[in-house]
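As provided, upload.cif (mmCIF, C-alpha atoms) reads as follows.
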```cif
data_model
loop_
_atom_site.label_atom_id
_atom_site.label_comp_id
_atom_site.auth_asym_id
_atom_site.auth_seq_id
_atom_site.Cartn_x
_atom_site.Cartn_y
_atom_site.Cartn_z
CA MET A 4 3.27 -1.00 -27.10
CA THR A 5 3.66 -4.78 -27.02
CA ASP A 6 4.24 -5.04 -23.26
CA LYS A 7 1.88 -3.93 -20.56
CA TYR A 8 4.22 -1.23 -19.26
CA PRO A 9 6.03 1.37 -21.36
CA SER A 10 9.22 0.98 -19.33
CA LYS A 11 11.07 -1.93 -17.70
CA LEU A 12 12.05 0.30 -14.76
CA LEU A 13 8.40 1.11 -14.15
CA GLU A 14 7.42 -2.53 -14.51
CA ASN A 15 10.06 -3.61 -11.96
CA ALA A 16 8.89 -1.00 -9.46
CA VAL A 17 5.23 -1.90 -9.95
CA GLU A 18 6.06 -5.59 -9.48
CA ALA A 19 8.01 -4.85 -6.30
CA ILE A 20 5.25 -2.70 -4.82
CA GLY A 21 2.59 -5.18 -5.97
CA SER A 22 4.34 -7.95 -4.02
CA LEU A 23 3.19 -6.31 -0.77
CA PRO A 24 0.16 -8.04 0.76
CA GLY A 25 -3.12 -6.37 -0.14
CA VAL A 26 -1.64 -4.19 -2.91
CA GLY A 27 -3.00 -5.03 -6.36
CA SER A 28 -1.27 -4.19 -9.64
CA ARG A 29 -3.45 -1.11 -10.21
CA SER A 30 -2.67 0.33 -6.77
CA ALA A 31 0.98 -0.58 -7.28
CA LEU A 32 1.08 1.43 -10.52
CA ARG A 33 -0.64 4.35 -8.81
CA LEU A 34 1.91 4.23 -5.96
CA ALA A 35 4.87 3.93 -8.37
CA LEU A 36 3.68 6.99 -10.30
CA HIS A 37 3.15 8.83 -7.01
CA LEU A 38 6.76 8.11 -5.99
CA LEU A 39 7.93 9.23 -9.43
CA ARG A 40 6.29 12.62 -8.88
CA GLN A 41 8.16 13.12 -5.58
CA PRO A 42 11.61 14.74 -5.35
CA LYS A 43 14.35 12.07 -5.51
CA GLU A 44 15.43 12.85 -1.93
CA ASN A 45 11.96 11.86 -0.66
CA VAL A 46 12.11 8.56 -2.52
CA HIS A 47 15.58 7.85 -1.11
CA HIS A 48 14.36 8.73 2.37
CA PHE A 49 11.46 6.30 1.85
CA THR A 50 13.65 3.41 0.70
CA SER A 51 16.40 3.99 3.25
CA ALA A 52 13.90 3.94 6.14
CA ILE A 53 12.81 0.49 4.93
CA ASN A 54 16.39 -0.71 4.36
CA SER A 55 17.42 0.49 7.82
CA LEU A 56 14.59 -1.42 9.41
CA ALA A 57 15.57 -4.64 7.59
CA ASP A 58 19.31 -4.21 8.18
CA GLU A 59 19.53 -2.80 11.68
CA VAL A 60 16.50 -4.18 13.47
CA ARG A 61 17.25 -5.70 16.88
CA TYR A 62 15.18 -7.76 19.25
CA CYS A 63 14.91 -7.48 23.02
CA ARG A 64 16.94 -10.35 24.51
CA GLU A 65 14.24 -10.87 27.16
CA CYS A 66 10.92 -10.76 25.32
CA MET A 67 12.09 -10.90 21.65
CA MET A 68 10.17 -7.76 20.76
CA ILE A 69 11.55 -5.35 18.15
CA SER A 70 13.70 -2.93 20.11
CA ASP A 71 16.39 -0.31 19.51
CA ASP A 72 18.30 -1.52 22.57
CA ASP A 73 19.46 -4.82 23.98
CA VAL A 74 16.50 -4.81 26.34
CA CYS A 75 13.22 -3.17 25.33
CA SER A 76 11.55 -0.31 27.17
CA ILE A 77 8.94 -2.63 28.71
CA CYS A 78 11.42 -5.22 30.00
CA SER A 79 13.65 -2.48 31.42
CA ASP A 80 10.72 -0.73 33.16
CA ARG A 81 11.07 -1.56 36.86
CA THR A 82 7.54 -0.37 37.62
CA ARG A 83 6.03 -3.25 35.63
CA ASP A 84 5.19 -6.67 37.01
CA HIS A 85 8.00 -8.95 35.86
CA SER A 86 6.36 -12.04 37.32
CA VAL A 87 3.70 -12.13 34.59
CA ILE A 88 4.44 -12.88 30.91
CA CYS A 89 1.85 -12.31 28.19
CA VAL A 90 2.63 -14.46 25.13
CA VAL A 91 1.66 -12.85 21.82
CA GLU A 92 2.17 -13.57 18.14
CA ASN A 93 3.81 -10.32 17.08
CA VAL A 94 4.63 -6.72 17.93
CA CYS A 95 1.23 -5.48 16.67
CA ASP A 96 -0.41 -7.49 19.44
CA VAL A 97 1.89 -5.90 22.04
CA MET A 98 0.86 -2.48 20.77
CA SER A 99 -2.84 -3.42 20.85
CA ILE A 100 -2.65 -4.69 24.43
CA GLU A 101 -0.56 -1.69 25.53
CA ALA A 102 -3.21 0.59 24.02
CA THR A 103 -5.84 -0.89 26.35
CA GLY A 104 -3.85 0.36 29.37
CA GLN A 105 -5.09 -2.70 31.31
CA TYR A 106 -1.88 -4.73 31.51
CA ARG A 107 1.24 -3.99 33.57
CA GLY A 108 3.20 -7.23 33.14
CA THR A 109 5.78 -8.15 30.49
CA TYR A 110 5.45 -9.83 27.09
CA HIS A 111 6.94 -12.62 25.07
CA VAL A 112 6.78 -12.20 21.29
CA LEU A 113 6.64 -15.54 19.44
CA GLY A 114 7.35 -13.99 16.05
CA GLY A 115 4.58 -16.01 14.39
CA ILE A 116 2.21 -18.86 14.98
CA ILE A 117 2.53 -22.60 14.33
CA SER A 118 1.20 -23.16 10.82
CA PRO A 119 2.10 -26.29 8.87
CA ILE A 120 0.36 -24.83 5.80
CA ASN A 121 2.73 -21.83 5.83
CA GLY A 122 5.70 -23.97 6.81
CA ILE A 123 6.04 -22.46 10.29
CA ALA A 124 7.19 -25.04 12.82
CA PRO A 125 7.50 -24.58 16.62
CA SER A 126 11.27 -24.27 16.16
CA ASP A 127 10.74 -21.12 14.03
CA LEU A 128 9.16 -19.38 17.01
CA THR A 129 10.74 -18.15 20.25
CA ILE A 130 9.19 -20.92 22.39
CA ARG A 131 12.59 -22.19 23.57
CA GLN A 132 13.41 -18.70 24.88
CA LEU A 133 10.06 -18.61 26.71
CA VAL A 134 10.80 -21.93 28.41
CA GLU A 135 14.23 -20.56 29.42
CA ARG A 136 12.63 -17.45 30.97
CA LEU A 137 10.52 -19.70 33.20
CA GLN A 138 13.58 -21.53 34.53
CA GLY A 139 14.60 -18.56 36.67
CA GLY A 140 11.69 -19.37 38.99
CA THR A 141 10.54 -15.72 39.24
CA ILE A 142 7.55 -16.10 36.90
CA SER A 143 4.15 -16.72 38.51
CA GLU A 144 1.85 -16.61 35.48
CA VAL A 145 1.94 -16.99 31.70
CA ILE A 146 -1.00 -15.51 29.76
CA LEU A 147 -1.56 -17.05 26.33
CA ALA A 148 -2.88 -14.16 24.22
CA LEU A 149 -3.08 -15.78 20.80
CA SER A 150 -5.79 -15.68 18.15
CA GLY A 151 -8.86 -17.84 18.60
CA ASP A 152 -8.47 -19.65 15.27
CA VAL A 153 -7.21 -23.20 14.76
CA GLU A 154 -3.57 -22.15 14.40
CA GLY A 155 -3.75 -19.96 17.49
CA GLU A 156 -5.35 -22.75 19.54
CA THR A 157 -2.76 -25.24 18.27
CA THR A 158 0.08 -22.92 19.23
CA SER A 159 -1.45 -22.27 22.67
CA PHE A 160 -1.79 -25.99 23.28
CA TYR A 161 1.78 -26.66 22.14
CA ILE A 162 3.16 -23.94 24.42
CA TYR A 163 1.02 -25.18 27.31
CA ARG A 164 2.56 -28.64 26.99
CA GLN A 165 6.06 -27.14 26.90
CA ILE A 166 5.63 -25.02 30.03
CA ALA A 167 3.29 -27.21 32.09
CA PRO A 168 6.24 -29.11 33.70
CA SER A 169 7.47 -25.83 35.23
CA GLY A 170 4.31 -25.69 37.34
CA VAL A 171 3.69 -22.03 36.49
CA LYS A 172 0.06 -20.86 36.27
CA VAL A 173 -1.11 -20.65 32.61
CA SER A 174 -4.10 -18.54 31.64
CA ALA A 175 -5.69 -17.50 28.34
CA LEU A 176 -7.65 -14.49 27.14
CA ALA A 177 -11.34 -14.52 28.06
CA ARG A 178 -13.52 -15.51 25.11
CA GLY A 179 -17.11 -14.39 24.83
CA LEU A 180 -19.36 -11.81 23.26
CA GLY A 181 -17.68 -8.48 22.57
CA PHE A 182 -18.87 -5.43 24.48
CA GLY A 183 -21.79 -3.96 22.58
CA ASP A 184 -22.26 -7.15 20.51
CA ASP A 185 -25.75 -8.04 19.39
CA LEU A 186 -26.82 -11.52 20.53
CA GLU A 187 -28.68 -12.04 17.27
CA TYR A 188 -25.49 -11.79 15.20
CA ALA A 189 -23.12 -13.73 17.47
CA ASP A 190 -21.79 -16.99 16.07
CA SER A 191 -23.07 -20.03 17.92
CA LEU A 192 -19.63 -21.23 19.06
CA THR A 193 -18.89 -17.91 20.78
CA LEU A 194 -22.39 -17.70 22.21
CA GLY A 195 -22.21 -21.29 23.48
CA ARG A 196 -18.86 -20.64 25.18
CA SER A 197 -20.15 -17.45 26.75
CA ILE A 198 -23.00 -19.36 28.37
CA LEU A 199 -20.68 -22.09 29.66
CA ASN A 200 -18.14 -19.55 30.95
CA ARG A 201 -20.78 -17.15 32.34
CA GLN A 202 -19.56 -14.76 34.99
CA ILE A 203 -21.09 -13.43 38.21
CA PHE A 204 -23.13 -10.32 37.33
CA LYS A 205 -21.47 -7.24 38.86
CA PRO A 206 -23.77 -4.25 38.39
CA MET B 1 6.38 1.91 26.52
CA THR B 2 6.02 5.69 26.43
CA ASP B 3 6.04 6.03 22.64
CA LYS B 4 3.61 4.45 20.25
CA TYR B 5 6.26 2.22 18.64
CA PRO B 6 8.77 0.02 20.47
CA SER B 7 11.55 1.00 18.06
CA LYS B 8 12.59 4.18 16.27
CA LEU B 9 13.60 2.17 13.19
CA LEU B 10 10.14 0.67 13.02
CA GLU B 11 8.54 4.06 13.54
CA ASN B 12 10.59 5.59 10.70
CA ALA B 13 9.65 2.78 8.33
CA VAL B 14 5.95 2.98 9.28
CA GLU B 15 6.00 6.76 8.76
CA ALA B 16 7.67 6.37 5.36
CA ILE B 17 5.21 3.71 4.20
CA GLY B 18 2.28 5.66 5.69
CA SER B 19 3.24 8.68 3.58
CA LEU B 20 2.02 6.83 0.48
CA PRO B 21 -1.44 7.94 -0.63
CA GLY B 22 -4.22 5.69 0.64
CA VAL B 23 -2.03 3.86 3.18
CA GLY B 24 -3.10 4.45 6.79
CA SER B 25 -0.85 4.00 9.82
CA ARG B 26 -2.33 0.59 10.61
CA SER B 27 -1.72 -0.73 7.08
CA ALA B 28 1.74 0.86 7.16
CA LEU B 29 2.62 -1.06 10.33
CA ARG B 30 1.29 -4.27 8.81
CA LEU B 31 3.39 -3.71 5.65
CA ALA B 32 6.51 -2.83 7.69
CA LEU B 33 6.18 -6.03 9.72
CA HIS B 34 5.60 -7.98 6.50
CA LEU B 35 8.85 -6.60 5.06
CA LEU B 36 10.63 -7.46 8.31
CA ARG B 37 9.61 -11.09 7.92
CA GLN B 38 11.12 -11.27 4.42
CA PRO B 39 14.74 -12.22 3.74
CA LYS B 40 16.95 -9.09 3.60
CA GLU B 41 17.69 -9.67 -0.09
CA ASN B 42 13.98 -9.39 -0.91
CA VAL B 43 13.73 -6.08 0.95
CA HIS B 44 16.81 -4.76 -0.85
CA HIS B 45 15.35 -5.89 -4.18
CA PHE B 46 12.12 -4.05 -3.29
CA THR B 47 13.85 -0.78 -2.38
CA SER B 48 16.35 -0.88 -5.25
CA ALA B 49 13.53 -1.32 -7.81
CA ILE B 50 11.98 1.88 -6.44
CA ASN B 51 15.30 3.73 -6.29
CA SER B 52 16.11 2.71 -9.87
CA LEU B 53 12.78 4.04 -11.07
CA ALA B 54 13.37 7.39 -9.36
CA ASP B 55 17.03 7.68 -10.39
CA GLU B 56 17.08 6.29 -13.92
CA VAL B 57 13.64 7.08 -15.31
CA ARG B 58 13.68 8.66 -18.77
CA TYR B 59 10.98 10.26 -20.85
CA CYS B 60 10.31 9.89 -24.58
CA ARG B 61 11.58 13.06 -26.25
CA GLU B 62 8.53 13.04 -28.56
CA CYS B 63 5.53 12.33 -26.32
CA MET B 64 7.08 12.74 -22.84
CA MET B 65 5.92 9.30 -21.76
CA ILE B 66 8.03 7.23 -19.36
CA SER B 67 10.35 5.21 -21.58
CA ASP B 68 13.54 3.16 -21.34
CA ASP B 69 14.78 4.66 -24.61
CA ASP B 70 15.13 8.11 -26.10
CA VAL B 71 11.96 7.53 -28.10
CA CYS B 72 9.20 5.31 -26.70
CA SER B 73 7.88 2.16 -28.38
CA ILE B 74 4.72 3.94 -29.58
CA CYS B 75 6.51 6.94 -31.12
CA SER B 76 9.03 4.66 -32.83
CA ASP B 77 6.29 2.39 -34.21
CA ARG B 78 6.01 3.25 -37.94
CA THR B 79 2.69 1.37 -38.28
CA ARG B 80 0.94 3.91 -36.06
CA ASP B 81 -0.72 7.11 -37.31
CA HIS B 82 1.75 9.88 -36.48
CA SER B 83 -0.60 12.60 -37.69
CA VAL B 84 -2.88 12.22 -34.66
CA ILE B 85 -1.86 13.14 -31.09
CA CYS B 86 -3.95 12.12 -28.08
CA VAL B 87 -3.22 14.42 -25.12
CA VAL B 88 -3.45 12.68 -21.72
CA GLU B 89 -2.64 13.53 -18.13
CA ASN B 90 -0.29 10.65 -17.30
CA VAL B 91 1.09 7.26 -18.30
CA CYS B 92 -1.86 5.43 -16.64
CA ASP B 93 -4.16 7.08 -19.17
CA VAL B 94 -1.94 5.91 -22.04
CA MET B 95 -2.14 2.36 -20.69
CA SER B 96 -5.95 2.60 -20.32
CA ILE B 97 -6.44 3.85 -23.89
CA GLU B 98 -3.97 1.28 -25.27
CA ALA B 99 -5.93 -1.44 -23.48
CA THR B 100 -9.07 -0.51 -25.47
CA GLY B 101 -7.25 -1.40 -28.70
CA GLN B 102 -9.26 1.34 -30.45
CA TYR B 103 -6.54 3.93 -31.01
CA ARG B 104 -3.63 3.76 -33.45
CA GLY B 105 -2.29 7.33 -33.21
CA THR B 106 0.38 8.74 -30.89
CA TYR B 107 0.16 10.36 -27.46
CA HIS B 108 1.33 13.41 -25.59
CA VAL B 109 1.72 13.01 -21.83
CA LEU B 110 1.17 16.28 -19.94
CA GLY B 111 2.58 14.95 -16.66
CA GLY B 112 -0.30 16.43 -14.69
CA ILE B 113 -3.23 18.76 -14.93
CA ILE B 114 -3.55 22.51 -14.27
CA SER B 115 -4.54 22.82 -10.62
CA PRO B 116 -4.02 26.11 -8.77
CA ILE B 117 -5.07 24.37 -5.52
CA ASN B 118 -2.19 21.88 -5.87
CA GLY B 119 0.19 24.55 -7.17
CA ILE B 120 0.38 23.08 -10.69
CA ALA B 121 0.70 25.82 -13.32
CA PRO B 122 0.63 25.36 -17.13
CA SER B 123 4.42 25.79 -17.15
CA ASP B 124 4.76 22.63 -14.99
CA LEU B 125 3.19 20.58 -17.79
CA THR B 126 4.58 19.63 -21.20
CA ILE B 127 2.28 22.02 -23.10
CA ARG B 128 5.22 23.92 -24.67
CA GLN B 129 6.53 20.63 -26.11
CA LEU B 130 3.07 19.87 -27.53
CA VAL B 131 2.94 23.26 -29.28
CA GLU B 132 6.42 22.54 -30.71
CA ARG B 133 5.26 19.17 -32.07
CA LEU B 134 2.52 20.94 -34.01
CA GLN B 135 5.00 23.30 -35.67
CA GLY B 136 6.29 20.57 -37.98
CA GLY B 137 3.01 20.78 -39.89
CA THR B 138 2.55 16.98 -40.06
CA ILE B 139 -0.15 16.82 -37.37
CA SER B 140 -3.77 16.77 -38.55
CA GLU B 141 -5.65 16.27 -35.26
CA VAL B 142 -5.17 16.69 -31.51
CA ILE B 143 -7.52 14.70 -29.25
CA LEU B 144 -7.94 16.16 -25.75
CA ALA B 145 -8.44 13.08 -23.54
CA LEU B 146 -8.50 14.68 -20.11
CA SER B 147 -10.81 14.09 -17.13
CA GLY B 148 -14.28 15.61 -17.17
CA ASP B 149 -13.82 17.51 -13.90
CA VAL B 150 -13.21 21.26 -13.52
CA GLU B 151 -9.41 20.92 -13.61
CA GLY B 152 -9.54 18.69 -16.69
CA GLU B 153 -11.88 21.10 -18.49
CA THR B 154 -9.69 24.06 -17.53
CA THR B 155 -6.59 22.29 -18.85
CA SER B 156 -8.38 21.31 -22.08
CA PHE B 157 -9.49 24.92 -22.60
CA TYR B 158 -5.99 26.27 -21.88
CA ILE B 159 -4.40 23.84 -24.36
CA TYR B 160 -7.08 24.61 -26.95
CA ARG B 161 -6.20 28.30 -26.78
CA GLN B 162 -2.48 27.51 -27.13
CA ILE B 163 -2.87 25.29 -30.20
CA ALA B 164 -5.81 26.99 -31.95
CA PRO B 165 -3.49 29.39 -33.88
CA SER B 166 -1.85 26.38 -35.58
CA GLY B 167 -5.18 25.63 -37.29
CA VAL B 168 -5.00 21.93 -36.42
CA LYS B 169 -8.29 20.10 -35.77
CA VAL B 170 -8.94 19.73 -32.02
CA SER B 171 -11.35 17.07 -30.71
CA ALA B 172 -12.29 15.80 -27.25
CA LEU B 173 -13.50 12.48 -25.85
CA ALA B 174 -17.22 11.81 -26.31
CA ARG B 175 -19.19 12.41 -23.10
CA GLY B 176 -22.43 10.61 -22.38
CA LEU B 177 -23.94 7.64 -20.63
CA GLY B 178 -21.57 4.71 -20.20
CA PHE B 179 -22.41 1.46 -21.99
CA GLY B 180 -24.75 -0.52 -19.77
CA ASP B 181 -25.52 2.52 -17.60
CA ASP B 182 -28.95 2.71 -16.04
CA LEU B 183 -30.81 5.92 -16.98
CA GLU B 184 -32.32 6.10 -13.51
CA TYR B 185 -28.91 6.49 -11.84
CA ALA B 186 -27.26 8.81 -14.39
CA ASP B 187 -26.38 12.28 -13.08
CA SER B 188 -28.45 15.01 -14.70
CA LEU B 189 -25.47 16.84 -16.23
CA THR B 190 -24.32 13.73 -18.08
CA LEU B 191 -27.88 12.83 -19.08
CA GLY B 192 -28.54 16.39 -20.30
CA ARG B 193 -25.37 16.39 -22.40
CA SER B 194 -26.19 12.99 -23.87
CA ILE B 195 -29.52 14.32 -25.09
CA LEU B 196 -27.95 17.43 -26.59
CA ASN B 197 -25.16 15.43 -28.25
CA ARG B 198 -27.43 12.57 -29.36
CA GLN B 199 -26.11 10.43 -32.19
CA ILE B 200 -27.74 8.82 -35.23
CA PHE B 201 -29.03 5.39 -34.17
CA LYS B 202 -27.01 2.66 -35.92
CA PRO B 203 -28.59 -0.73 -35.25
#
```

Rewrite the structure of this file - the entire thing - as structure tokens.
Amino acid sequence: MTDKYPSKLLENAVEAIGSLPGVGSRSALRLALHLLRQPKENVHHFTSAINSLADEVRYCRECMMISDDDVCSICSDRTRDHSVICVVENVCDVMSIEATGQYRGTYHVLGGIISPINGIAPSDLTIRQLVERLQGGTISEVILALSGDVEGETTSFYIYRQIAPSGVKVSALARGLGFGDDLEYADSLTLGRSILNRQIFKP
Amino acid sequence: MTDKYPSKLLENAVEAIGSLPGVGSRSALRLALHLLRQPKENVHHFTSAINSLADEVRYCRECMMISDDDVCSICSDRTRDHSVICVVENVCDVMSIEATGQYRGTYHVLGGIISPINGIAPSDLTIRQLVERLQGGTISEVILALSGDVEGETTSFYIYRQIAPSGVKVSALARGLGFGDDLEYADSLTLGRSILNRQIFKP
């Protein structure tokens, strides 16, 4: 056996699976052999579910979230507060915030975060659509719910400058120690901000 | 949002990806969103590599290993020792043994291991084909290179009983402490066997 794999077909499949983030070549081989042990119909079901997602995916015309309809279930829910927009990076973040059960407004999915290193410019995101949503005059608050890293802060600042002229209130997620966090292990930046932004104690 | 996912297409893809062993629903969502960010051609390339493997895979008619040809590159290699057959569970094991560079014989891939709990009977494996290979009379030794767990031992014993009548020499992988293993952390079964099967010291 001169090559690493005994079959080109196997090698191609391992390479394809190994191109997924966080999947090494050993795991990829294990997964390829797992798929090979399945009935063909299961493998076709697997690949067609992925193809369908890539080919038929649609986005809500309001909030740009992945949706099966023209308008997503959140944007079409009249019981939610349509005057508040929570700006997030992607659909995972929407699901995380929904899971808290603490938010009843709408969302705006940017589809990424400004990152010169990854070649993502503001024009690659749905910032223009966000600005357009504010022009209706029915929005009272925009919540910037992006990550606390440099790219997240940059994106928040960029969006803030774009929407500031509209005069709408702009807020951001509270930063501080997590519930249950040990003071001893908190990083000093977070700890410092939590002292500066201390809140009235409500027992 | 009443359901967990904002889109049925996304849910189907996450379920399909999450059906892979060792991939949880959170990783599956992350992988689905990763694929969604790729150009469609890349996704189609990914799924077609997997479909091709499932649809077009062939097995060497000698050793039953995955192969692009009728006879695999090892079985058709005249410089190898065709009188020795190393019996392994799957193609991963062939690749592991090949990587050691210590073996110049041929293989026989069982395609699994006898496991009543997983519904795998001897007839699901390529044991009949192994017995047929021995009937030519050109084989001098069969090496049983299966796992050291109960299922591996059971399979080794079953195969031994099937091929014993042929009178061919049957060997098994040496068991003992691994190179560099610390005596203190060795399990007592392995340590006990390594004392019983002690070898002449060759400095």

Pro168 in chain A surroundings by all atoms listed in the file, 12 Å radius, close-in-sequence under 4 positions cut, as a PDB file with C-alpha atoms, keeping the file's coordinate frame:
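For reference, around_14.pdb as written:
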```
ATOM      1  CA  VAL A 134      10.800 -21.930  28.410  1.00  0.00           C
ATOM      2  CA  LEU A 137      10.520 -19.700  33.200  1.00  0.00           C
ATOM      3  CA  GLN A 138      13.580 -21.530  34.530  1.00  0.00           C
ATOM      4  CA  ILE A 162       3.160 -23.940  24.420  1.00  0.00           C
ATOM      5  CA  TYR A 163       1.020 -25.180  27.310  1.00  0.00           C
ATOM      6  CA  ARG A 164       2.560 -28.640  26.990  1.00  0.00           C
ATOM      7  CA  LYS A 172       0.060 -20.860  36.270  1.00  0.00           C
ATOM      8  CA  VAL A 173      -1.110 -20.650  32.610  1.00  0.00           C
TER       9      VAL A 173
END
```

Would you list which chain B residues are within 6 Å of chain A using only C-alpha atoms, as a PyMOL selection string? chain B and resi 1+6-7+9+12-13+16+36+46-47+49-50+53-54+67-68+73-74

Between CA of Ala148 in chain A and CA of Val90 in chain A - distance in Å to one decimal: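 According to the coordinates, CA of Val90 in chain A and CA of Ala148 in chain A are separated by 5.6 Å.
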
Can you turn the PyMOL selection byres ((chain A and resi 140-144) around 8) into a concrete residue list for this file, as JSON, numbers by chain? {"A": [85, 86, 87, 88, 136, 137, 138, 139, 145, 146, 171, 172, 173, 174]}

Find the smallest box with edges along x, y and z containing every listed atom of range 144-156 of chain B, then add 4 Å on each side and report centre and edge lengths in Å to one decimal, as JSON.
```
{"center_x": -10.4, "center_y": 18.6, "center_z": -19.6, "size_x": 15.7, "size_y": 19.0, "size_z": 20.2}
```

Expressed in Å, the length from CA of Asp93 in chain B to CA of Cys60 in chain B is 15.7 Å

Using Å and a single decimal, report how far CA of Gly176 in chain B sits from CA of Leu130 in chain B.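 So the two atoms, CA of Leu130 in chain B and CA of Gly176 in chain B, lie 27.6 Å apart.
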
Reference answer for the PyMOL selection byres ((chain A and resi 155) around 12), as a PyMOL selection string: chain A and resi 90-92+113+115-118+147-154+156-162+175-176

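Here the PyMOL selection byres ((chain A and resi 108) around 6) captures the residues A:Arg83, A:Asp84, A:His85, A:Val87, A:Tyr106, A:Arg107, A:Thr109.
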
Skip Leu189 in chain B itself and residues of its chain fewer than 2 positions away, then list as a PyMOL selection string all residues within 12 Å of it, counting only C-alpha atoms. chain B and resi 148-149+175-177+185-187+191-196
